[in-house]
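Engineer: Sending over coords28.pdb (PDB, C-alpha atoms).
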```pdb
ATOM      1  CA  MET L 231      12.682 -16.607 -12.284
ATOM      2  CA  ALA L 232       9.734 -14.430 -11.179
ATOM      3  CA  PHE L 233       9.786 -15.492  -7.513
ATOM      4  CA  ARG L 234      12.747 -15.714  -5.172
ATOM      5  CA  PHE L 235      11.978 -17.546  -1.947
ATOM      6  CA  PHE L 236      14.066 -16.782   1.120
ATOM      7  CA  GLN L 237      13.552 -19.445   3.766
ATOM      8  CA  ARG L 238      14.590 -17.819   7.015
ATOM      9  CA  THR L 239      15.500 -18.960  10.492
ATOM     10  CA  PHE L 240      13.456 -17.872  13.507
ATOM     11  CA  PRO L 241      12.753 -15.262  14.757
ATOM     12  CA  SER L 242      12.313 -14.108  11.127
ATOM     13  CA  ALA L 243       9.530 -15.344   8.892
ATOM     14  CA  ASN L 244      10.205 -16.248   5.268
ATOM     15  CA  MET L 245      10.317 -13.568   2.580
ATOM     16  CA  ILE L 246       9.432 -13.720  -1.106
ATOM     17  CA  LEU L 247      10.806 -11.360  -3.726
ATOM     18  CA  VAL L 248       8.618 -10.952  -6.809
ATOM     19  CA  GLU L 249      10.928  -9.778  -9.559
ATOM     20  CA  GLY L 250      10.306  -7.231 -12.285
ATOM     21  CA  THR L 251      11.095  -3.647 -13.184
ATOM     22  CA  HIS L 252       9.210  -2.698 -10.013
ATOM     23  CA  PRO L 253      10.172  -5.522  -7.638
ATOM     24  CA  LEU L 254       7.945  -6.402  -4.706
ATOM     25  CA  LEU L 255       9.005  -7.884  -1.372
ATOM     26  CA  ILE L 256       6.454  -9.902   0.588
ATOM     27  CA  ASP L 257       7.180  -9.530   4.337
ATOM     28  CA  SER L 258      10.395  -8.249   5.852
ATOM     29  CA  GLY L 259      11.493 -10.589   8.639
ATOM     30  CA  PHE L 260      12.306  -9.752  12.252
ATOM     31  CA  GLY L 261      13.656  -6.336  13.221
ATOM     32  CA  SER L 262      17.074  -7.308  14.539
ATOM     33  CA  ASP L 263      17.700  -9.338  11.351
ATOM     34  CA  ILE L 264      17.581  -6.249   9.106
ATOM     35  CA  ASP L 265      21.207  -6.501   7.975
ATOM     36  CA  ASP L 266      20.620 -10.094   6.855
ATOM     37  CA  THR L 267      17.426  -8.967   5.104
ATOM     38  CA  VAL L 268      19.310  -6.330   3.137
ATOM     39  CA  ALA L 269      22.100  -8.785   2.303
ATOM     40  CA  LEU L 270      19.586 -11.300   0.923
ATOM     41  CA  LEU L 271      18.104  -8.646  -1.347
ATOM     42  CA  GLU L 272      21.481  -7.461  -2.553
ATOM     43  CA  ARG L 273      22.632 -11.013  -3.308
ATOM     44  CA  ALA L 274      19.468 -11.373  -5.379
ATOM     45  CA  GLY L 275      20.564  -8.308  -7.346
ATOM     46  CA  VAL L 276      18.025  -5.889  -5.866
ATOM     47  CA  ASP L 277      18.937  -2.599  -4.224
ATOM     48  CA  PRO L 278      16.374  -2.036  -1.444
ATOM     49  CA  ARG L 279      15.825   1.470  -2.819
ATOM     50  CA  ASP L 280      14.420  -0.077  -5.997
ATOM     51  CA  LEU L 281      11.627  -1.975  -4.216
ATOM     52  CA  GLN L 282       8.226  -0.576  -5.088
ATOM     53  CA  MET L 283       7.087  -1.661  -1.633
ATOM     54  CA  VAL L 284       7.104  -4.275   1.082
ATOM     55  CA  ALA L 285       3.666  -5.898   1.086
ATOM     56  CA  ASN L 286       2.953  -7.543   4.422
ATOM     57  CA  THR L 287       0.851 -10.664   4.844
ATOM     58  CA  HIS L 288      -0.057  -9.582   8.385
ATOM     59  CA  HIS L 289       1.241  -7.490  11.248
ATOM     60  CA  HIS L 290       3.069  -9.942  13.547
ATOM     61  CA  CYS L 291       6.666  -9.071  14.428
ATOM     62  CA  ASP L 292       8.318 -11.901  12.496
ATOM     63  CA  HIS L 293       6.681 -10.645   9.281
ATOM     64  CA  VAL L 294       6.854  -6.847   9.700
ATOM     65  CA  GLY L 295       9.945  -6.385  11.870
ATOM     66  CA  GLY L 296      12.150  -5.319   8.960
ATOM     67  CA  ASN L 297       9.702  -2.598   7.886
ATOM     68  CA  HIS L 298      11.352  -0.019  10.131
ATOM     69  CA  GLY L 299      14.847  -0.567   8.762
ATOM     70  CA  LEU L 300      13.807  -0.688   5.118
ATOM     71  CA  GLN L 301      11.617   2.392   5.476
ATOM     72  CA  THR L 302      14.013   4.569   7.490
ATOM     73  CA  ARG L 303      17.232   3.541   5.709
ATOM     74  CA  TYR L 304      16.009   3.273   2.128
ATOM     75  CA  GLY L 305      12.627   4.998   1.914
ATOM     76  CA  VAL L 306      10.806   1.777   1.016
ATOM     77  CA  LYS L 307       7.014   2.054   1.046
ATOM     78  CA  ILE L 308       5.045  -0.347   3.224
ATOM     79  CA  GLY L 309       1.776  -1.954   2.120
ATOM     80  CA  ALA L 310      -0.669  -3.676   4.450
ATOM     81  CA  GLN L 311      -4.327  -4.574   4.795
ATOM     82  CA  ARG L 312      -6.220  -1.382   5.602
ATOM     83  CA  TRP L 313      -7.542  -2.382   9.062
ATOM     84  CA  GLU L 314      -4.142  -3.452  10.284
ATOM     85  CA  GLY L 315      -2.459  -0.540   8.525
ATOM     86  CA  THR L 316      -4.804   1.963  10.142
ATOM     87  CA  MET L 317      -4.031   0.593  13.607
ATOM     88  CA  VAL L 318      -0.304   0.853  12.898
ATOM     89  CA  ASN L 319      -0.587   4.443  11.652
ATOM     90  CA  ARG L 320      -2.702   5.479  14.649
ATOM     91  CA  ARG L 321      -0.182   3.843  17.012
ATOM     92  CA  ASP L 322      -3.114   1.930  18.434
ATOM     93  CA  ARG L 323      -2.384  -0.103  21.537
ATOM     94  CA  GLU L 324      -3.653  -3.199  19.681
ATOM     95  CA  ALA L 325      -1.424  -2.652  16.627
ATOM     96  CA  CYS L 326       0.422  -5.822  15.670
ATOM     97  CA  SER L 327      -0.857  -7.464  18.901
ATOM     98  CA  ALA L 328       2.659  -6.519  20.005
ATOM     99  CA  GLU L 329       1.875  -5.524  23.582
ATOM    100  CA  TRP L 330      -0.410  -8.490  24.241
ATOM    101  CA  LEU L 331       2.114 -10.902  22.722
ATOM    102  CA  VAL L 332       5.062  -9.161  24.442
ATOM    103  CA  GLN L 333       6.864  -8.958  21.100
ATOM    104  CA  PRO L 334       9.125  -6.134  19.875
ATOM    105  CA  ILE L 335       8.370  -4.146  16.730
ATOM    106  CA  GLN L 336      10.109  -0.905  15.800
ATOM    107  CA  PRO L 337       8.004   2.007  14.485
ATOM    108  CA  TYR L 338       6.888   2.084  10.872
ATOM    109  CA  THR L 339       4.129   3.696   8.838
ATOM    110  CA  VAL L 340       1.891   2.034   6.281
ATOM    111  CA  ASP L 341       1.940   3.957   2.993
ATOM    112  CA  VAL L 342      -0.342   1.769   0.875
ATOM    113  CA  PHE L 343      -3.584   0.185   2.080
ATOM    114  CA  LEU L 344      -4.224  -3.119   0.307
ATOM    115  CA  ASP L 345      -7.638  -4.686  -0.174
ATOM    116  CA  ASP L 346      -9.036  -7.896  -1.584
ATOM    117  CA  GLY L 347      -8.940  -7.847  -5.376
ATOM    118  CA  ASP L 348      -6.126  -5.302  -5.678
ATOM    119  CA  VAL L 349      -3.398  -6.077  -8.210
ATOM    120  CA  ILE L 350       0.254  -5.165  -7.716
ATOM    121  CA  ASP L 351       2.170  -4.874 -11.003
ATOM    122  CA  THR L 352       5.905  -5.612 -10.844
ATOM    123  CA  GLY L 353       6.341  -5.057 -14.573
ATOM    124  CA  ASP L 354       6.768  -8.791 -15.123
ATOM    125  CA  VAL L 355       4.082 -10.220 -12.814
ATOM    126  CA  GLN L 356       0.548  -9.224 -11.891
ATOM    127  CA  VAL L 357       0.164 -10.105  -8.213
ATOM    128  CA  GLN L 358      -3.381 -10.513  -6.903
ATOM    129  CA  VAL L 359      -4.173  -9.526  -3.316
ATOM    130  CA  ILE L 360      -6.471 -11.958  -1.483
ATOM    131  CA  HIS L 361      -7.949 -11.162   1.927
ATOM    132  CA  THR L 362      -7.749 -14.346   4.016
ATOM    133  CA  PRO L 363      -8.882 -13.590   7.585
ATOM    134  CA  GLY L 364      -8.300 -16.173  10.285
ATOM    135  CA  HIS L 365      -4.794 -16.072  11.685
ATOM    136  CA  THR L 366      -5.376 -12.311  11.861
ATOM    137  CA  LEU L 367      -8.425 -10.350  10.738
ATOM    138  CA  GLY L 368      -6.377  -8.508   8.145
ATOM    139  CA  HIS L 369      -4.307 -11.417   6.872
ATOM    140  CA  LEU L 370      -3.490 -11.219   3.162
ATOM    141  CA  CYS L 371      -2.247 -13.797   0.674
ATOM    142  CA  TYR L 372      -0.741 -12.974  -2.705
ATOM    143  CA  TYR L 373      -1.255 -14.974  -5.905
ATOM    144  CA  ALA L 374       0.207 -15.008  -9.406
ATOM    145  CA  ASP L 375       0.717 -17.606 -12.121
ATOM    146  CA  GLY L 376      -0.176 -20.622  -9.988
ATOM    147  CA  VAL L 377       2.027 -19.486  -7.098
ATOM    148  CA  LEU L 378       0.490 -18.624  -3.724
ATOM    149  CA  ILE L 379       2.316 -16.578  -1.117
ATOM    150  CA  ALA L 380       0.403 -17.819   1.895
ATOM    151  CA  GLY L 381       1.860 -16.038   4.898
ATOM    152  CA  ASP L 382       0.526 -17.863   7.934
ATOM    153  CA  ALA L 383      -2.733 -19.017   6.352
ATOM    154  CA  PHE L 384      -1.261 -22.535   6.240
ATOM    155  CA  HIS L 385       2.128 -24.225   6.107
ATOM    156  CA  GLY L 386       3.458 -27.286   4.373
ATOM    157  CA  ASP L 387       3.822 -29.192   7.638
ATOM    158  CA  ASP L 388       1.791 -27.256  10.217
ATOM    159  CA  VAL L 389      -1.160 -24.928  10.732
ATOM    160  CA  ALA L 390      -1.444 -21.360  11.924
ATOM    161  CA  TRP L 391      -2.121 -20.755  15.601
ATOM    162  CA  ILE L 392      -5.504 -19.221  16.391
ATOM    163  CA  ASN L 393      -5.789 -16.043  18.467
ATOM    164  CA  VAL L 394      -9.394 -15.928  19.673
ATOM    165  CA  PHE L 395      -8.658 -13.013  22.023
ATOM    166  CA  ARG L 396      -7.422 -10.531  19.443
ATOM    167  CA  GLU L 397      -8.953 -11.901  16.225
ATOM    168  CA  GLY L 398     -12.376 -12.878  17.596
ATOM    169  CA  GLY L 399     -14.128 -16.053  18.670
ATOM    170  CA  GLY L 400     -14.977 -16.963  15.074
ATOM    171  CA  ALA L 401     -11.365 -16.872  13.911
ATOM    172  CA  ILE L 402     -11.226 -20.591  13.176
ATOM    173  CA  TYR L 403     -14.383 -20.401  11.046
ATOM    174  CA  ARG L 404     -13.000 -17.466   9.100
ATOM    175  CA  LEU L 405      -9.761 -19.355   8.540
ATOM    176  CA  LEU L 406     -11.632 -22.410   7.272
ATOM    177  CA  GLU L 407     -13.500 -20.196   4.800
ATOM    178  CA  SER L 408     -10.210 -18.642   3.729
ATOM    179  CA  LEU L 409      -8.738 -22.088   3.106
ATOM    180  CA  ASP L 410     -11.782 -23.021   1.024
ATOM    181  CA  ARG L 411     -11.255 -19.926  -1.089
ATOM    182  CA  LEU L 412      -7.558 -20.615  -1.587
ATOM    183  CA  ALA L 413      -8.271 -24.226  -2.548
ATOM    184  CA  ARG L 414     -10.328 -23.017  -5.511
ATOM    185  CA  LEU L 415      -7.275 -21.372  -7.072
ATOM    186  CA  PRO L 416      -5.218 -23.251  -9.687
ATOM    187  CA  LEU L 417      -2.258 -23.812  -7.378
ATOM    188  CA  LYS L 418       1.101 -25.239  -8.412
ATOM    189  CA  ARG L 419       3.286 -24.121  -5.511
ATOM    190  CA  SER L 420       2.984 -22.165  -2.280
ATOM    191  CA  TYR L 421       5.404 -20.265  -0.099
ATOM    192  CA  SER L 422       4.308 -19.843   3.483
ATOM    193  CA  GLY L 423       5.695 -17.746   6.299
ATOM    194  CA  HIS L 424       7.542 -20.680   7.861
ATOM    195  CA  GLY L 425       9.087 -23.864   6.569
ATOM    196  CA  ALA L 426      10.061 -24.993   3.109
ATOM    197  CA  ALA L 427       8.361 -24.262  -0.194
ATOM    198  CA  CYS L 428       5.346 -26.499  -0.774
ATOM    199  CA  ASN L 429       4.904 -28.292  -4.103
ATOM    200  CA  GLN L 430       1.544 -29.779  -3.080
ATOM    201  CA  PRO L 431      -0.382 -26.813  -1.705
ATOM    202  CA  LEU L 432      -3.817 -28.389  -2.119
ATOM    203  CA  ALA L 433      -2.742 -31.369  -0.015
ATOM    204  CA  ALA L 434      -1.398 -28.976   2.630
ATOM    205  CA  ILE L 435      -4.684 -27.062   2.655
ATOM    206  CA  ASP L 436      -6.633 -30.320   3.040
ATOM    207  CA  ALA L 437      -4.398 -31.368   5.937
ATOM    208  CA  ALA L 438      -4.914 -28.007   7.622
ATOM    209  CA  ARG L 439      -8.679 -28.291   7.220
ATOM    210  CA  ARG L 440      -8.735 -31.758   8.781
ATOM    211  CA  ARG L 441      -6.742 -30.556  11.766
ATOM    212  CA  TYR L 442      -8.933 -27.508  12.304
ATOM    213  CA  ASP L 443     -12.066 -29.625  11.999
ATOM    214  CA  LYS L 444     -10.819 -31.723  14.931
ATOM    215  CA  TRP L 445     -10.290 -28.559  16.955
ATOM    216  CA  LEU L 446     -13.789 -27.193  16.489
ATOM    217  CA  ASN L 447     -15.201 -29.162  19.420
ATOM    218  CA  ASP L 448     -12.088 -28.923  21.584
ATOM    219  CA  PRO L 449     -11.052 -25.317  22.306
ATOM    220  CA  GLN L 450      -8.190 -26.535  24.499
ATOM    221  CA  LYS L 451      -6.435 -27.935  21.424
ATOM    222  CA  ILE L 452      -6.571 -24.438  19.950
ATOM    223  CA  GLY L 453      -5.248 -23.071  23.223
ATOM    224  CA  TRP L 454      -2.356 -25.497  23.610
ATOM    225  CA  HIS L 455      -1.218 -24.964  20.030
ATOM    226  CA  ALA L 456      -1.267 -21.178  20.453
ATOM    227  CA  CYS L 457       0.418 -21.165  23.867
ATOM    228  CA  LYS L 458       3.232 -23.425  22.739
ATOM    229  CA  ARG L 459       3.855 -21.367  19.595
ATOM    230  CA  ILE L 460       3.879 -18.027  21.432
ATOM    231  CA  PHE L 461       5.969 -19.164  24.397
ATOM    232  CA  THR L 462       8.507 -21.042  22.279
ATOM    233  CA  TYR L 463       8.943 -17.892  20.202
ATOM    234  CA  ALA L 464       9.525 -15.877  23.391
ATOM    235  CA  LEU L 465      12.227 -18.337  24.429
ATOM    236  CA  MET L 466      13.933 -17.624  21.108
ATOM    237  CA  LEU L 467      13.748 -13.870  21.615
ATOM    238  CA  TYR L 468      15.367 -14.121  25.050
ATOM    239  CA  ASP L 469      17.713 -16.981  24.088
ATOM    240  CA  GLY L 470      16.196 -19.142  26.806
ATOM    241  CA  MET L 471      14.901 -18.395  30.293
ATOM    242  CA  THR L 472      15.561 -19.702  33.768
ATOM    243  CA  GLU L 473      12.590 -21.132  35.659
ATOM    244  CA  THR L 474      12.286 -17.886  37.613
ATOM    245  CA  GLU L 475      12.411 -15.862  34.373
ATOM    246  CA  CYS L 476       9.797 -18.142  32.775
ATOM    247  CA  ARG L 477       7.432 -17.568  35.671
ATOM    248  CA  ALA L 478       7.939 -13.792  35.681
ATOM    249  CA  TYR L 479       7.487 -13.564  31.908
ATOM    250  CA  LEU L 480       4.344 -15.685  31.820
ATOM    251  CA  LEU L 481       2.618 -13.852  34.661
ATOM    252  CA  ARG L 482       3.032 -10.501  32.886
ATOM    253  CA  ALA L 483       2.116 -11.703  29.389
ATOM    254  CA  GLY L 484      -1.407 -10.799  28.303
ATOM    255  CA  TRP L 485      -1.685 -13.860  26.077
ATOM    256  CA  PHE L 486      -0.856 -16.213  28.967
ATOM    257  CA  LEU L 487      -3.318 -14.558  31.341
ATOM    258  CA  ASP L 488      -6.123 -14.819  28.778
ATOM    259  CA  TYR L 489      -5.517 -18.382  27.641
ATOM    260  CA  SER L 490      -5.058 -19.740  31.167
ATOM    261  CA  ARG L 491      -8.244 -18.164  32.512
ATOM    262  CA  HIS L 492     -10.579 -18.380  29.541
ATOM    263  CA  ILE L 493      -9.487 -21.526  27.705
ATOM    264  CA  PHE L 494      -8.103 -23.678  30.509
ATOM    265  CA  ASP L 495     -10.254 -22.309  33.380
ATOM    266  CA  THR L 496      -7.135 -22.005  35.536
ATOM    267  CA  GLU L 497      -5.654 -19.050  37.383
ATOM    268  CA  PRO L 498      -2.404 -17.987  35.679
ATOM    269  CA  VAL L 499      -0.276 -18.657  38.758
ATOM    270  CA  ASP L 500      -1.500 -22.264  38.713
ATOM    271  CA  PHE L 501      -0.999 -22.671  34.970
ATOM    272  CA  VAL L 502       2.739 -21.926  34.886
ATOM    273  CA  ALA L 503       3.788 -25.473  35.811
ATOM    274  CA  PRO L 504       1.422 -27.153  33.276
ATOM    275  CA  MET L 505       2.726 -24.775  30.588
ATOM    276  CA  LEU L 506       6.344 -25.701  31.266
ATOM    277  CA  ASP L 507       5.482 -29.409  31.474
ATOM    278  CA  GLU L 508       3.701 -29.299  28.113
ATOM    279  CA  LEU L 509       6.656 -27.676  26.363
ATOM    280  CA  LEU L 510       8.878 -30.476  27.634
ATOM    281  CA  ARG L 511       6.372 -33.254  26.928
ATOM    282  CA  SER L 512       5.754 -32.100  23.355
ATOM    283  CA  GLY L 513       9.456 -31.694  22.604
ATOM    284  CA  ALA L 514       9.110 -27.959  21.925
ATOM    285  CA  ALA L 515      11.758 -27.089  24.515
ATOM    286  CA  ARG L 516      14.373 -28.582  26.833
ATOM    287  CA  TRP L 517      16.312 -27.615  29.940
ATOM    288  CA  ARG L 518      20.034 -26.997  29.472
ATOM    289  CA  ASN L 519      22.407 -25.372  31.959
ATOM    290  CA  GLY L 520      19.492 -24.064  34.001
ATOM    291  CA  LYS L 521      17.656 -22.479  31.045
ATOM    292  CA  LEU L 522      14.568 -23.539  29.132
ATOM    293  CA  LEU L 523      15.587 -23.457  25.458
ATOM    294  CA  PRO L 524      13.529 -24.024  22.306
ATOM    295  CA  ASN L 525      14.359 -27.088  20.227
ATOM    296  CA  ALA L 526      13.701 -25.342  16.908
ATOM    297  CA  ALA L 527      16.638 -23.646  15.190
ATOM    298  CA  TYR L 528      16.882 -19.898  15.803
ATOM    299  CA  ASP L 529      19.295 -16.968  15.797
ATOM    300  CA  PRO L 530      18.729 -14.911  18.973
ATOM    301  CA  PRO L 531      18.588 -11.115  18.805
ATOM    302  CA  PRO L 532      21.492  -9.202  20.384
ATOM    303  CA  PRO L 533      21.308  -9.131  24.191
ATOM    304  CA  GLY L 534      19.004  -6.370  25.401
ATOM    305  CA  TRP L 535      17.583  -5.654  21.937
ATOM    306  CA  VAL L 536      14.104  -7.005  22.684
ATOM    307  CA  ASP L 537      13.547  -5.072  25.893
ATOM    308  CA  ALA L 538      14.763  -1.825  24.322
ATOM    309  CA  ILE L 539      11.862  -1.678  21.837
ATOM    310  CA  LYS L 540       8.762   0.266  22.903
ATOM    311  CA  PRO L 541       5.235  -1.010  22.069
ATOM    312  CA  PRO L 542       3.181   0.814  19.401
ATOM    313  CA  ARG L 543       1.304   3.166  21.723
ATOM    314  CA  TRP L 544       4.693   4.706  22.649
ATOM    315  CA  TRP L 545       6.125   4.899  19.143
ATOM    316  CA  ASN L 546       5.562   8.660  18.869
ATOM    317  CA  ALA L 547       6.912   9.401  22.335
ATOM    318  CA  PRO L 548      10.209  11.331  22.488
TER     319      PRO L 548
END
```
Please express what this file holds, its structure, as structure tokens.
Structural biologist:
Amino acid sequence: MAFRFFQRTFPSANMILVEGTHPLLIDSGFGSDIDDTVALLERAGVDPRDLQMVANTHHHCDHVGGNHGLQTRYGVKIGAQRWEGTMVNRRDREACSAEWLVQPIQPYTVDVFLDDGDVIDTGDVQVQVIHTPGHTLGHLCYYADGVLIAGDAFHGDDVAWINVFREGGGAIYRLLESLDRLARLPLKRSYSGHGAACNQPLAAIDAARRRYDKWLNDPQKIGWHACKRIFTYALMLYDGMTETECRAYLLRAGWFLDYSRHIFDTEPVDFVAPMLDELLRSGAARWRNGKLLPNAAYDPPPPGWVDAIKPPRWWNAP
């Protein structure tokens, strides 16, 4: 078996191990899940020290959170697209969109810059690097032997959320072009960042294209999808929030301020109630014992873990 697929529970994204004499791990999960990440590798018969690198699909916390633990504990090299990797290494305020998204990522350094057309040799498999901008500008997919490791380019039962404020106003057009490029590959199976393995990747790509096409003339659909994904994820990180905590969180979150003002033409203070109503209406969350909780399965980080992590611009601070 050349590929081992680890379907993971939120807040971690899925991981894929590409086996060989120089094994490769695609993405590393969420930071507080590092012990589970290591256990998965060891059960697969791989000592983390033997990984040639972790190759990230993109720099969001659910995909790169384990980089810190693997790098500091085991000396594992980290590979990433060069634009995103440069921001990480410079401790740029925009690195990983972590501060804007209010998401925790522990410090790491990118050792290997990956570009479109690069090949990563595991000894058994030649893995092709494909630059697929859209979800992020530096998003990468990985391909070998009919298998696509898709990150958040598309999912078997959903589409990636679009971040027009950090990835640019043309993000949806770039993602559509990326999907066109992926559809030209001889695909047998795909593993995305979330959800189950997909045995009909071309059908999933077609479904994603149809959904994005509907969004092109309705920016609010893009906005609602993004806001629900980001806020639901925040509810997982904090294991639910009271109404007062929801309001305080939203009014300090850069993503909420931008989407409310520039997509929904509403002042943030007036958009809190519609945001909460939409999570309930869509079934993304529910109230229980005075807290708004996500309906998707998740394993919350330890209490206090999220707030203890500094954003990238402070990573080098003592």
Engineer: Carefully work through the PyMOL selection byres ((chain L and resi 357) around 6) for this structure and note down the residues it includes, as an MDAnalysis selection string.
Structural biologist: chainID L and resid 349:350 356 358 373:374
Engineer: Here is a test: counting only C-alpha atoms, which residue of L:Phe240, L:Tyr489, L:Trp391, L:Phe235 is nearest to Leu465 (chain L)?
Structural biologist: L:Phe240
Engineer: Check which residues satisfy the PyMOL selection byres ((chain L and resi 515) around 9) in the file shown, then give them as a tab-separated table (two decimals) with C-alpha atoms, in the coordinates of the input.
Structural biologist:
```tsv
chain	number	residue	atom	x	y	z
L	462	THR	CA	8.51	-21.04	22.28
L	465	LEU	CA	12.23	-18.34	24.43
L	506	LEU	CA	6.34	-25.70	31.27
L	509	LEU	CA	6.66	-27.68	26.36
L	510	LEU	CA	8.88	-30.48	27.63
L	511	ARG	CA	6.37	-33.25	26.93
L	512	SER	CA	5.75	-32.10	23.36
L	513	GLY	CA	9.46	-31.69	22.60
L	514	ALA	CA	9.11	-27.96	21.92
L	516	ARG	CA	14.37	-28.58	26.83
L	517	TRP	CA	16.31	-27.62	29.94
L	522	LEU	CA	14.57	-23.54	29.13
L	523	LEU	CA	15.59	-23.46	25.46
L	524	PRO	CA	13.53	-24.02	22.31
L	525	ASN	CA	14.36	-27.09	20.23
L	526	ALA	CA	13.70	-25.34	16.91
```
Engineer: Have a look at CA of Cys326 (chain L) and CA of Asp257 (chain L) and let me know their distance in Å, one decimal.
Structural biologist: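 So the answer is 13.7 Å.
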Engineer: Please identify all polymer residues within 9 Å of Ser408 (chain L), counting all atoms listed in the file, omitting same-chain residues fewer than 4 positions from it, and present them as number ranges by chain.
Structural biologist: L: 361-364, 383, 403-404, 412-413
Engineer: Quick one: of L:Ile256, L:Leu247, L:Leu487, L:Ala380, who's nearest to Ser422 (chain L), counting only C-alpha atoms?
Structural biologist: L:Ala380
Engineer: Would you pick out the contacts of Arg303 (chain L) at 12 Å or less, using all atoms listed in the file, so that residues sharing its chain but fewer than 6 positions from it are not included, and give the list as number ranges by chain?
Structural biologist: L: 264-265, 268, 277-279, 296-297, 338
Engineer: Could you save those same residues with C-alpha atoms as a tab-separated table (two decimals), in the frame of the given file?
Structural biologist:
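After the write, out_2.tsv holds the following:
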```tsv
chain	number	residue	atom	x	y	z
L	264	ILE	CA	17.58	-6.25	9.11
L	265	ASP	CA	21.21	-6.50	7.98
L	268	VAL	CA	19.31	-6.33	3.14
L	277	ASP	CA	18.94	-2.60	-4.22
L	278	PRO	CA	16.37	-2.04	-1.44
L	279	ARG	CA	15.82	1.47	-2.82
L	296	GLY	CA	12.15	-5.32	8.96
L	297	ASN	CA	9.70	-2.60	7.89
L	338	TYR	CA	6.89	2.08	10.87
```
Engineer: With only C-alpha atoms as the basis for distance, which of L:Phe236, L:Tyr463, L:His288, L:Ser258 is at the shortest distance from Leu270 (chain L)?
Structural biologist: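 For Leu270 (chain L), the nearest of the candidates is L:Phe236.
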Engineer: Please determine, counting all atoms listed in the file, which residue among L:Arg411, L:Arg439, L:Lys418, L:His492 has the shortest atom-to-atom distance to Gly399 (chain L).
Structural biologist: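 Smallest separation from Gly399 (chain L) among the options: L:His492.
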Engineer: Quick one: apply the PyMOL selection byres ((chain L and resi 432-434) around 10) to the file and drop the selected residues here as a list in words.
Structural biologist: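 Applying the PyMOL selection byres ((chain L and resi 432-434) around 10) to the structure shown produces Phe384, His385, Gly386, Asp387, Asp388, Val389, Leu409, Leu412, Ala413, Arg414, Leu415, Pro416, Leu417, Lys418, Arg419, Ser420, Cys428, Asn429, Gln430, Pro431, Ile435, Asp436, Ala437, Ala438, Arg439 and Arg440 of chain L.
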Engineer: Kindly reconstruct region 343-357 of chain L with N, CA and C atoms and present the result as a CSV table (one decimal), in the coordinates of the input.
Structural biologist:
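So the final result, stored in result_8.csv, reads:
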```csv
chain,number,residue,atom,x,y,z
L,343,PHE,N,-2.6,1.1,1.5
L,343,PHE,CA,-3.6,0.2,2.1
L,343,PHE,C,-4.0,-0.8,1.0
L,344,LEU,N,-3.9,-2.1,1.3
L,344,LEU,CA,-4.2,-3.1,0.3
L,344,LEU,C,-5.5,-3.8,0.7
L,345,ASP,N,-6.3,-4.1,-0.4
L,345,ASP,CA,-7.6,-4.7,-0.2
L,345,ASP,C,-7.8,-5.9,-1.1
L,346,ASP,N,-8.7,-6.7,-0.8
L,346,ASP,CA,-9.0,-7.9,-1.6
L,346,ASP,C,-9.3,-7.5,-3.0
L,347,GLY,N,-8.7,-8.1,-4.0
L,347,GLY,CA,-8.9,-7.8,-5.4
L,347,GLY,C,-8.0,-6.9,-6.0
L,348,ASP,N,-7.2,-6.2,-5.1
L,348,ASP,CA,-6.1,-5.3,-5.7
L,348,ASP,C,-5.1,-6.1,-6.5
L,349,VAL,N,-4.5,-5.5,-7.4
L,349,VAL,CA,-3.4,-6.1,-8.2
L,349,VAL,C,-2.2,-5.2,-8.1
L,350,ILE,N,-1.0,-5.9,-7.8
L,350,ILE,CA,0.3,-5.2,-7.7
L,350,ILE,C,1.1,-5.6,-8.9
L,351,ASP,N,1.5,-4.6,-9.7
L,351,ASP,CA,2.2,-4.9,-11.0
L,351,ASP,C,3.7,-4.7,-10.8
L,352,THR,N,4.4,-5.7,-11.0
L,352,THR,CA,5.9,-5.6,-10.8
L,352,THR,C,6.6,-5.3,-12.2
L,353,GLY,N,5.8,-5.2,-13.2
L,353,GLY,CA,6.3,-5.1,-14.6
L,353,GLY,C,6.4,-6.4,-15.3
L,354,ASP,N,6.7,-7.4,-14.6
L,354,ASP,CA,6.8,-8.8,-15.1
L,354,ASP,C,5.6,-9.7,-14.6
L,355,VAL,N,5.1,-9.4,-13.4
L,355,VAL,CA,4.1,-10.2,-12.8
L,355,VAL,C,2.9,-9.4,-12.3
L,356,GLN,N,1.7,-9.8,-12.5
L,356,GLN,CA,0.5,-9.2,-11.9
L,356,GLN,C,0.2,-10.0,-10.6
L,357,VAL,N,0.4,-9.4,-9.5
L,357,VAL,CA,0.2,-10.1,-8.2
L,357,VAL,C,-1.2,-9.7,-7.7
```
